[in-house]
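**Q** So that you have it, the file is work.cif, and it contains mmCIF, C-alpha atoms:
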```cif
data_coords
#
loop_
_atom_site.label_atom_id
_atom_site.label_comp_id
_atom_site.auth_asym_id
_atom_site.auth_seq_id
_atom_site.Cartn_x
_atom_site.Cartn_y
_atom_site.Cartn_z
CA MET A 1 29.65 -53.61 0.70
CA LYS A 2 32.35 -55.31 2.75
CA GLU A 3 30.22 -58.39 3.38
CA CYS A 4 29.51 -58.78 -0.34
CA LYS A 5 33.20 -58.73 -1.20
CA LYS A 6 33.89 -61.52 1.26
CA VAL A 7 30.90 -63.54 0.10
CA ARG A 8 31.97 -63.14 -3.53
CA LYS A 9 35.41 -64.41 -2.68
CA ASP A 10 33.93 -67.41 -0.85
CA ILE A 11 31.58 -68.09 -3.77
CA PHE A 12 34.49 -67.86 -6.16
CA PHE A 13 36.79 -70.22 -4.22
CA ALA A 14 33.96 -72.71 -3.73
CA PHE A 15 33.21 -72.45 -7.44
CA ILE A 16 36.76 -73.09 -8.67
CA GLU A 17 37.21 -75.97 -6.25
CA GLY A 18 33.88 -77.47 -7.34
CA LYS A 19 32.36 -77.20 -3.84
CA GLY A 20 28.86 -76.11 -2.83
CA LEU A 21 28.19 -72.51 -1.79
CA GLY A 22 27.16 -73.37 1.75
CA LYS A 23 24.02 -72.26 3.58
CA GLU A 24 25.37 -68.79 4.34
CA GLY A 25 26.33 -68.20 0.70
CA GLU A 26 23.00 -69.41 -0.65
CA GLU A 27 21.07 -67.20 1.77
CA HIS A 28 23.17 -64.20 0.76
CA LEU A 29 22.50 -64.81 -2.91
CA LEU A 30 18.76 -64.80 -2.30
CA LYS A 31 18.82 -61.30 -0.88
CA CYS A 32 21.74 -59.69 -2.83
CA GLU A 33 21.21 -59.00 -6.52
CA GLU A 34 24.82 -57.92 -7.08
CA CYS A 35 26.28 -61.16 -5.73
CA LYS A 36 23.65 -63.19 -7.54
CA ASP A 37 24.76 -61.45 -10.70
CA PHE A 38 28.37 -62.37 -9.90
CA PHE A 39 27.39 -66.01 -9.48
CA THR A 40 25.55 -66.00 -12.78
CA TYR A 41 28.60 -64.43 -14.37
CA LEU A 42 30.81 -67.23 -12.99
CA ASN A 43 28.52 -69.82 -14.49
CA SER A 44 28.65 -68.04 -17.84
CA VAL A 45 32.46 -67.96 -17.63
CA SER A 46 32.41 -71.65 -16.93
CA SER A 47 30.25 -72.47 -19.93
CA ALA A 48 32.24 -70.12 -22.17
CA SER A 49 35.39 -71.88 -20.99
CA GLU A 50 33.87 -75.22 -21.88
CA GLU A 51 33.39 -73.86 -25.39
CA VAL A 52 37.04 -72.85 -25.55
CA LYS A 53 38.06 -76.27 -24.24
CA LYS A 54 36.01 -77.90 -26.99
CA ARG A 55 37.70 -75.64 -29.52
CA ILE A 56 41.10 -76.64 -28.16
CA ASP A 57 40.19 -80.31 -28.52
CA ASP A 58 38.92 -79.70 -32.06
CA GLU A 59 42.10 -77.86 -33.01
CA MET A 60 44.27 -80.54 -31.47
CA GLY A 61 42.38 -83.16 -33.46
CA LYS A 62 43.15 -81.30 -36.68
CA ILE A 63 46.88 -81.10 -36.12
CA GLU A 64 49.14 -83.60 -37.88
CA TRP A 65 51.17 -84.33 -34.78
CA ARG A 66 53.61 -86.65 -36.54
CA VAL A 67 54.44 -83.91 -39.01
CA PHE A 68 54.64 -81.37 -36.21
CA GLU A 69 57.01 -83.61 -34.23
CA ARG A 70 59.27 -83.93 -37.23
CA GLU A 71 59.22 -80.17 -37.58
CA ILE A 72 60.22 -79.76 -33.94
CA ILE A 73 63.08 -82.24 -34.30
CA GLU A 74 64.24 -80.51 -37.46
CA LYS A 75 64.14 -77.15 -35.70
CA VAL A 76 66.10 -78.60 -32.77
CA ARG A 77 68.73 -79.94 -35.21
CA GLU A 78 68.91 -76.54 -36.90
CA GLU A 79 69.41 -74.81 -33.56
CA SER A 80 72.12 -77.30 -32.56
CA ARG A 81 74.00 -76.58 -35.79
CA LYS A 82 73.94 -72.81 -35.23
CA PRO A 83 77.32 -71.39 -34.20
CA LEU A 84 77.59 -69.81 -30.78
CA ARG A 85 76.29 -66.29 -30.90
CA ILE A 86 78.98 -63.65 -30.70
CA PHE A 87 77.69 -60.74 -28.70
CA PRO A 88 77.86 -57.45 -30.53
CA LEU A 89 79.92 -54.69 -28.93
CA LYS A 90 76.81 -52.64 -28.17
CA ASN A 91 75.78 -55.27 -25.60
CA PHE A 92 78.82 -54.33 -23.54
CA LEU A 93 78.20 -50.60 -23.67
CA LEU A 94 76.56 -49.07 -20.65
CA PRO A 95 73.04 -47.76 -21.00
CA LYS A 96 73.01 -43.94 -20.75
CA TYR A 97 71.17 -43.86 -17.47
CA LEU A 98 73.90 -45.94 -15.81
CA ILE A 99 76.80 -43.68 -16.84
CA PRO A 100 76.51 -41.18 -13.90
CA SER A 101 76.28 -44.04 -11.39
CA MET A 102 79.34 -45.71 -12.93
CA ALA A 103 81.29 -42.43 -12.85
CA ILE A 104 80.49 -42.01 -9.14
CA LEU A 105 81.49 -45.62 -8.51
CA ILE A 106 84.84 -45.13 -10.29
CA ILE A 107 85.53 -41.98 -8.23
CA ILE A 108 84.75 -43.81 -4.99
CA ILE A 109 87.01 -46.71 -5.96
CA SER A 110 89.84 -44.30 -6.91
CA VAL A 111 89.57 -42.48 -3.56
CA PHE A 112 89.54 -45.81 -1.77
CA ILE A 113 92.67 -46.99 -3.61
CA TYR A 114 94.41 -43.66 -2.86
CA ILE A 115 93.59 -43.96 0.85
CA LEU A 116 94.89 -47.52 0.90
CA SER A 117 98.13 -46.47 -0.81
CA ILE A 118 99.04 -43.98 1.98
CA PRO A 119 101.57 -45.94 4.06
CA ARG A 120 100.81 -46.61 7.68
CA GLU A 121 103.76 -46.73 10.02
CA GLY A 122 105.85 -49.83 9.36
CA GLU A 123 103.30 -51.15 6.91
CA PHE A 124 103.23 -49.49 3.52
CA PHE A 125 105.70 -47.34 1.60
CA SER A 126 104.83 -44.94 -1.14
CA GLU A 127 106.88 -45.12 -4.32
CA SER A 128 109.01 -42.03 -3.40
CA GLN A 129 109.79 -43.52 0.00
CA ILE A 130 111.00 -46.69 -1.63
CA PHE A 131 113.32 -44.65 -3.90
CA ASP A 132 114.64 -42.71 -0.88
CA LYS A 133 115.39 -45.93 0.89
CA MET A 134 117.23 -47.31 -2.13
CA GLU A 135 119.31 -44.15 -2.35
CA LYS A 136 120.28 -44.38 1.30
CA VAL A 137 121.39 -47.99 0.95
CA SER A 138 123.52 -46.98 -2.00
CA ALA A 139 125.06 -44.07 -0.01
CA LYS A 140 125.92 -46.38 2.86
CA ASN A 141 127.74 -48.66 0.46
CA GLU A 142 129.68 -45.68 -0.94
CA VAL A 143 130.74 -44.56 2.54
CA LEU A 144 131.78 -48.09 3.50
CA LYS A 145 133.76 -48.41 0.30
CA TYR A 146 135.52 -45.12 1.05
CA PHE A 147 136.59 -46.31 4.49
CA GLU A 148 137.63 -49.76 3.19
CA ASP A 149 139.75 -48.25 0.42
CA SER A 150 141.25 -45.72 2.82
CA ASN A 151 142.02 -48.49 5.30
CA PHE A 152 143.74 -50.52 2.59
CA LEU A 153 145.79 -47.55 1.38
CA LEU A 154 146.90 -46.47 4.84
CA SER A 155 147.70 -50.04 5.91
CA SER A 156 149.87 -50.59 2.85
CA PHE A 157 151.60 -47.23 3.53
CA VAL A 158 152.29 -48.31 7.13
CA GLU A 159 153.70 -51.55 5.84
CA LYS A 160 155.92 -50.07 3.12
CA GLU A 161 156.56 -46.64 4.70
CA SER A 162 156.53 -45.18 1.21
CA ILE A 163 154.00 -43.86 -1.32
CA ASP A 164 154.01 -45.59 -4.68
CA LYS A 165 152.30 -44.51 -7.91
CA TYR A 166 149.20 -46.57 -7.27
CA SER A 167 148.75 -45.07 -3.75
CA LEU A 168 149.14 -41.60 -5.19
CA LYS A 169 146.51 -42.18 -7.82
CA LYS A 170 144.14 -43.94 -5.43
CA SER A 171 144.48 -41.25 -2.75
CA LYS A 172 143.53 -38.64 -5.36
CA GLU A 173 140.41 -40.60 -6.19
CA LEU A 174 139.53 -40.88 -2.51
CA LEU A 175 139.98 -37.14 -2.01
CA LEU A 176 137.38 -36.61 -4.73
CA LYS A 177 135.14 -39.25 -3.28
CA LYS A 178 135.22 -37.53 0.12
CA ARG A 179 133.66 -34.44 -1.49
CA PHE A 180 130.86 -36.67 -2.76
CA ILE A 181 130.13 -38.50 0.51
CA ASN A 182 130.30 -35.40 2.71
CA GLN A 183 126.50 -34.98 2.46
CA TYR A 184 125.98 -38.45 3.91
CA LEU A 185 128.34 -37.86 6.84
CA GLU A 186 126.45 -34.87 8.25
CA ASP A 187 124.61 -36.88 10.91
CA PHE A 188 127.59 -39.08 11.90
CA PRO A 189 130.20 -37.07 13.76
CA ASN A 190 132.59 -39.99 14.39
CA ALA A 191 132.70 -41.03 10.78
CA ARG A 192 132.98 -37.42 9.64
CA GLN A 193 135.90 -36.73 12.01
CA ILE A 194 137.83 -39.83 10.90
CA ALA A 195 137.12 -39.00 7.24
CA SER A 196 138.55 -35.50 7.77
CA LYS A 197 141.77 -36.95 9.19
CA ILE A 198 142.04 -39.40 6.30
CA ASP A 199 141.43 -36.52 3.92
CA PHE A 200 144.26 -34.52 5.50
CA LEU A 201 146.67 -37.47 5.14
CA PHE A 202 145.77 -38.03 1.48
CA MET A 203 146.40 -34.35 0.82
CA GLU A 204 149.84 -34.89 2.37
CA PHE A 205 150.28 -37.81 -0.06
CA GLN A 206 149.52 -35.45 -2.94
CA MET A 207 151.79 -32.71 -1.66
CA ASP A 208 154.61 -35.19 -1.22
CA GLY A 209 154.59 -34.74 2.57
CA GLU A 210 157.16 -36.33 4.80
CA ASN A 211 156.54 -40.05 5.21
CA LYS A 212 157.64 -40.17 8.84
CA GLU A 213 155.32 -37.36 9.82
CA ILE A 214 152.42 -39.17 8.09
CA MET A 215 153.34 -42.38 9.89
CA ARG A 216 153.44 -40.54 13.19
CA ILE A 217 149.98 -39.12 12.70
CA ILE A 218 148.54 -42.54 11.77
CA GLU A 219 150.01 -44.14 14.85
CA ARG A 220 149.21 -41.31 17.23
CA GLU A 221 145.59 -41.18 16.12
CA ASN A 222 145.22 -44.98 16.02
CA LEU A 223 143.67 -44.27 12.67
CA ILE A 224 143.56 -47.79 11.28
CA LEU A 225 141.77 -49.10 14.36
CA LYS A 226 139.36 -46.15 14.34
CA ILE A 227 138.54 -46.73 10.66
CA LYS A 228 137.67 -50.32 11.52
CA LEU A 229 135.41 -49.22 14.38
CA VAL A 230 133.61 -46.65 12.21
CA LYS A 231 133.07 -49.26 9.51
CA ASP A 232 131.49 -51.62 12.06
CA GLU A 233 129.32 -48.82 13.35
CA ILE A 234 128.07 -47.99 9.85
CA LYS A 235 127.38 -51.63 9.03
CA GLU A 236 125.24 -52.01 12.18
CA MET A 237 123.23 -48.89 11.45
CA GLY A 238 121.29 -50.13 8.46
CA ALA A 239 120.67 -47.44 5.87
CA LEU A 240 122.13 -44.05 6.55
CA MET B 1 48.70 -90.96 -17.61
CA GLY B 2 48.43 -89.63 -14.03
CA SER B 3 50.34 -86.57 -12.92
CA ASP B 4 52.92 -88.43 -10.79
CA GLU B 5 53.29 -91.14 -13.39
CA ALA B 6 53.89 -88.48 -16.06
CA LYS B 7 56.48 -86.79 -13.84
CA GLU B 8 58.40 -90.05 -13.39
CA ARG B 9 58.19 -90.86 -17.08
CA CYS B 10 59.48 -87.39 -18.03
CA LYS B 11 62.34 -87.69 -15.54
CA GLU B 12 63.34 -91.04 -17.02
CA LEU B 13 63.11 -89.70 -20.57
CA VAL B 14 65.25 -86.68 -19.76
CA GLU B 15 67.92 -88.99 -18.33
CA ARG B 16 67.78 -91.04 -21.53
CA ILE B 17 68.12 -87.93 -23.69
CA ARG B 18 71.13 -86.85 -21.59
CA ASN B 19 72.67 -90.25 -22.31
CA GLY B 20 72.31 -89.70 -26.05
CA ASP B 21 68.99 -91.46 -26.74
CA SER B 22 67.41 -89.14 -29.31
CA GLU B 23 64.23 -91.25 -29.58
CA ALA B 24 63.44 -90.35 -26.00
CA PHE B 25 63.00 -86.78 -27.19
CA SER B 26 60.14 -87.90 -29.49
CA ASP B 27 58.55 -89.64 -26.52
CA ILE B 28 58.77 -86.54 -24.38
CA ILE B 29 57.15 -84.52 -27.19
CA GLN B 30 54.31 -87.07 -27.21
CA ILE B 31 53.72 -86.64 -23.49
CA LEU B 32 53.96 -82.86 -23.21
CA LYS B 33 52.74 -81.50 -26.55
CA GLY B 34 49.00 -81.52 -25.65
CA ARG B 35 49.53 -79.69 -22.40
CA ILE B 36 51.73 -77.01 -23.94
CA PHE B 37 49.44 -76.55 -26.92
CA SER B 38 46.31 -76.25 -24.80
CA VAL B 39 47.93 -73.67 -22.51
CA ALA B 40 49.16 -71.63 -25.45
CA TYR B 41 45.88 -72.00 -27.33
CA GLY B 42 43.92 -71.04 -24.22
CA PHE B 43 46.01 -67.91 -24.03
CA PHE B 44 45.92 -66.90 -27.68
CA ARG B 45 42.88 -68.74 -29.05
CA ASN B 46 44.88 -69.11 -32.24
CA ARG B 47 46.19 -72.39 -33.58
CA GLU B 48 49.24 -71.06 -35.42
CA GLU B 49 50.46 -69.07 -32.46
CA ALA B 50 49.90 -72.01 -30.14
CA LEU B 51 51.90 -74.28 -32.46
CA ASP B 52 54.73 -71.74 -32.66
CA ILE B 53 54.87 -71.53 -28.89
CA THR B 54 54.79 -75.32 -28.57
CA GLN B 55 57.68 -75.69 -30.99
CA GLU B 56 59.72 -73.01 -29.25
CA VAL B 57 59.18 -74.66 -25.85
CA PHE B 58 60.58 -77.95 -27.16
CA VAL B 59 63.56 -76.22 -28.74
CA ARG B 60 64.30 -74.61 -25.36
CA LEU B 61 63.83 -77.92 -23.59
CA TRP B 62 66.43 -79.46 -25.90
CA LYS B 63 68.87 -76.61 -25.35
CA MET B 64 68.50 -76.76 -21.58
CA ILE B 65 68.23 -80.52 -21.27
CA ARG B 66 71.54 -80.89 -19.41
CA LYS B 67 70.91 -78.01 -17.04
CA ILE B 68 67.31 -78.33 -15.89
CA GLU B 69 66.17 -80.03 -12.70
CA THR B 70 64.62 -83.36 -13.58
CA LYS B 71 62.38 -83.33 -10.50
CA ASP B 72 59.44 -81.76 -12.33
CA ILE B 73 59.96 -81.34 -16.06
CA GLU B 74 56.31 -80.56 -16.68
CA ALA B 75 56.39 -77.60 -14.27
CA TRP B 76 59.54 -76.32 -15.98
CA VAL B 77 57.95 -76.70 -19.41
CA LEU B 78 54.81 -74.88 -18.30
CA LYS B 79 56.84 -72.02 -16.84
CA VAL B 80 58.66 -71.66 -20.15
CA THR B 81 55.31 -71.79 -21.94
CA ARG B 82 53.97 -69.05 -19.70
CA ASN B 83 57.01 -66.83 -20.27
CA LEU B 84 56.91 -67.34 -24.02
CA CYS B 85 53.17 -66.68 -24.14
CA ILE B 86 53.57 -63.46 -22.16
CA ASP B 87 56.54 -62.26 -24.25
CA HIS B 88 54.75 -63.11 -27.47
CA TYR B 89 51.55 -61.51 -26.22
CA ARG B 90 53.29 -58.25 -25.23
CA GLU B 91 54.91 -57.99 -28.62
CA LYS B 92 51.68 -58.74 -30.35
CA ARG B 93 49.75 -56.27 -28.22
CA ARG B 94 52.21 -53.48 -29.02
CA ARG B 95 51.98 -54.28 -32.71
CA GLU B 96 48.25 -54.66 -32.98
CA LEU B 97 46.83 -52.28 -30.43
CA LYS B 98 44.89 -50.17 -32.89
CA GLU B 99 43.80 -53.09 -34.99
CA MET B 100 42.51 -54.86 -31.90
CA ASN B 101 40.14 -52.00 -31.02
CA THR B 102 38.69 -52.06 -34.50
CA ASP B 103 38.19 -55.82 -34.25
CA LEU B 104 36.33 -55.39 -31.02
CA ARG B 105 33.86 -52.94 -32.49
CA GLY B 106 33.32 -55.33 -35.33
CA MET B 107 32.76 -58.25 -33.01
CA VAL B 108 30.39 -56.51 -30.66
CA GLY B 109 28.40 -54.90 -33.40
CA GLY B 110 27.81 -58.08 -35.39
CA ARG B 111 24.84 -60.42 -35.27
CA GLU B 112 25.56 -62.71 -32.38
CA ASP B 113 23.49 -64.71 -30.01
CA GLU B 114 23.96 -64.09 -26.29
CA LYS B 115 26.35 -66.97 -25.77
CA GLU B 116 28.56 -65.92 -28.62
CA LEU B 117 28.49 -62.34 -27.43
CA PHE B 118 29.56 -63.37 -23.95
CA GLN B 119 32.39 -65.43 -25.45
CA ASN B 120 33.62 -62.52 -27.54
CA LEU B 121 33.41 -60.07 -24.67
CA LEU B 122 35.27 -62.50 -22.45
CA GLU B 123 38.08 -62.95 -24.97
CA GLU B 124 38.39 -59.22 -25.47
CA ALA B 125 38.42 -58.56 -21.72
CA LEU B 126 41.15 -61.19 -21.35
CA ARG B 127 43.35 -59.16 -23.69
CA ARG B 128 42.94 -56.10 -21.50
CA ILE B 129 43.76 -57.44 -18.06
CA PRO B 130 47.39 -57.84 -16.86
CA GLU B 131 49.19 -60.76 -18.54
CA ARG B 132 49.70 -62.77 -15.36
CA GLN B 133 46.02 -62.58 -14.54
CA ALA B 134 45.09 -63.53 -18.11
CA PHE B 135 47.49 -66.46 -17.97
CA ALA B 136 46.11 -67.67 -14.64
CA PHE B 137 42.60 -67.44 -16.04
CA SER B 138 43.41 -69.41 -19.18
CA LEU B 139 45.27 -72.10 -17.23
CA ARG B 140 42.30 -72.63 -14.94
CA PHE B 141 39.37 -72.20 -17.28
CA PHE B 142 40.68 -73.11 -20.74
CA SER B 143 43.33 -75.69 -19.92
CA GLY B 144 41.34 -77.05 -16.99
CA MET B 145 44.24 -77.03 -14.52
CA LYS B 146 43.71 -77.54 -10.82
CA ILE B 147 44.87 -74.77 -8.48
CA SER B 148 47.87 -76.87 -7.39
CA GLU B 149 48.97 -77.41 -11.02
CA MET B 150 48.46 -73.75 -11.78
CA SER B 151 50.58 -72.65 -8.86
CA GLU B 152 53.39 -74.97 -10.00
CA ALA B 153 53.21 -73.72 -13.56
CA MET B 154 53.22 -70.11 -12.45
CA GLY B 155 55.81 -70.53 -9.73
CA ILE B 156 53.57 -69.10 -7.02
CA SER B 157 51.77 -70.41 -3.93
CA GLU B 158 48.28 -71.90 -4.15
CA GLY B 159 46.93 -68.94 -2.20
CA GLY B 160 48.69 -66.58 -4.62
CA ALA B 161 47.22 -68.48 -7.57
CA LYS B 162 43.71 -68.24 -6.10
CA SER B 163 43.87 -64.52 -5.47
CA LEU B 164 45.41 -63.89 -8.90
CA LEU B 165 42.54 -65.81 -10.43
CA PHE B 166 39.98 -63.92 -8.35
CA LYS B 167 41.46 -60.57 -9.47
CA ALA B 168 41.39 -61.80 -13.07
CA VAL B 169 37.73 -62.80 -12.80
CA GLU B 170 36.75 -59.49 -11.20
CA ASN B 171 38.66 -57.40 -13.74
CA ILE B 172 37.20 -59.35 -16.65
CA ARG B 173 33.74 -58.81 -15.25
CA LYS B 174 34.35 -55.08 -14.86
CA ILE B 175 35.60 -54.76 -18.46
CA MET B 176 32.75 -56.86 -19.79
CA LYS B 177 30.20 -54.69 -18.00
CA GLU B 178 31.78 -51.55 -19.42
CA LYS B 179 31.63 -53.01 -22.91
CA GLU B 180 28.05 -54.10 -22.48
CA ASN B 181 27.07 -50.61 -21.33
CA GLU B 182 28.87 -49.08 -24.32
CA ARG B 183 26.91 -51.39 -26.56
CA VAL B 184 23.59 -50.49 -24.98
#
```
Written as structure tokens, how would this file's structure read?

**A**
Amino acid sequence: MKECKKVRKDIFFAFIEGKGLGKEGEEHLLKCEECKDFFTYLNSVSSASEEVKKRIDDEMGKIEWRVFEREIIEKVREESRKPLRIFPLKNFLLPKYLIPSMAILIIIISVFIYILSIPREGEFFSESQIFDKMEKVSAKNEVLKYFEDSNFLLSSFVEKESIDKYSLKKSKELLLKKRFINQYLEDFPNARQIASKIDFLFMEFQMDGENKEIMRIIERENLILKIKLVKDEIKEMGAL
Amino acid sequence: MGSDEAKERCKELVERIRNGDSEAFSDIIQILKGRIFSVAYGFFRNREEALDITQEVFVRLWKMIRKIETKDIEAWVLKVTRNLCIDHYREKRRRELKEMNTDLRGMVGGREDEKELFQNLLEEALRRIPERQAFAFSLRFFSGMKISEMSEAMGISEGGAKSLLFKAVENIRKIMKEKENERV
């Protein structure tokens, strides 16, 4: 009965707080055997508890507390002397039921890292892009070096109006270098055109061409000035 | 010693222990030993087990002395007592489940007067209800704690302590009735 449950609760709370049952509670007990039985049971619990309390007091009276205190202090000393516990490896191993969850977690983290590593414009570079960029910087330096060396060689020829041994050797090297840098000159028509003219002159050097004719070409084409302009253009461009 | 007075005294003693005064530890044992023992004894109704629990609580108090809140040492100590009692009880229950049933038959079947019978049935029923309920029951009825003290020791509200106790009392009654019927 719903009413009985409520009354029993009220009886119980009044009982544990040492209060009276109240008029309503007392009247209910007179007419309800079940609740009356519950109240009797509470009283029996109370007296049984008193017995236990007495037993506790008796037991406490029998204990040699001084001895027990010494035992506690000795135990505390023992514990303090114990070395720090080193955790066995098995404590760090995952329980079996957690392994699938951990595997899923690792996959999610890996995907997340992969997504993060894809470069956004102007923000991130993948490893291969970084290598490409390094290669282009190196190519630019090669091309610049080619034009600088060519400039030096042609200027000294203009000055001396003759081809010495060093110029012959150097022009041969530059002819070979031109083959190497051709791939980098594809997208730069000005630089490629000037390089072709330089190449032609160095071939004349090798074939012992007439100095005056070489001089005439250099002057007519304004080659030394054009080399300078191309060099400036390449320098301003960043990587090729 | 009153409850507030005991709290203040414990707080002072803990500070002294933290400052290296080892005699203060003996004083704190003096103050708290009875309370711990009675709670543990109320739970186990066995002197040796209660003494073991009491000793273990003090060892833990020593280990944690620099970390615990000094505001209410007694509440902390009672919480540790509760946890140790429950852990110990679970282990014991696992180990002695079969043995316990045999004991019960022996107890109920013996020559006992009504009072003794009620006592035995009550103790047996206490072993069968959930540990938290059994602990609440023993704190209130065997250790004589007030509801407010119980709630502090158990780390729950006073309302929670009351309803836990009510459930304990009802469950004990149900089990006792079953046992009585079996006997009849």

**Q** Output the contact residues of chain A with respect to chain B at a cut-off of 6 Å, based on only C-alpha atoms, as a PyMOL selection string.

**A** chain A and resi 48-49+53+72+76

**Q** How about saving the chosen residues, C-alpha atoms kept, as a short mmCIF file (atom, residue, chain, number, x, y, z; two decimals), in the frame of the given file?

**A**
```cif
data_model
loop_
_atom_site.label_atom_id
_atom_site.label_comp_id
_atom_site.auth_asym_id
_atom_site.auth_seq_id
_atom_site.Cartn_x
_atom_site.Cartn_y
_atom_site.Cartn_z
CA ALA A 48 32.24 -70.12 -22.17
CA SER A 49 35.39 -71.88 -20.99
CA LYS A 53 38.06 -76.27 -24.24
CA ILE A 72 60.22 -79.76 -33.94
CA VAL A 76 66.10 -78.60 -32.77
#
```

**Q** With only C-alpha atoms as the basis for distance, which of A:Ile217, A:Asp164, A:Ile234, A:Ile63 is at the shortest distance from Arg192 of chain A?

**A** A:Ile234

**Q** Any chance you could resolve the PyMOL selection byres ((chain A and resi 143-148) around 7) against this file and give the residues as a PyMOL selection string?

**A** chain A and resi 139-142+149-152+174+181+227+231

**Q** Grab the atom CA of Ala136 of chain B to atom CA of Ile73 of chain A distance for me, in Å with one decimal place.

**A**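 Taking atom CA of Ala136 of chain B and atom CA of Ile73 of chain A, their separation equals 29.8 Å.
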
**Q** Would you mind listing what lies within 12 Å of Met207 of chain A as JSON, numbers by chain, with only C-alpha atoms counted and same-chain residues fewer than 3 positions away left out?

**A** {"A": [163, 168, 171, 172, 200, 201, 202, 203, 204, 210, 211, 214]}
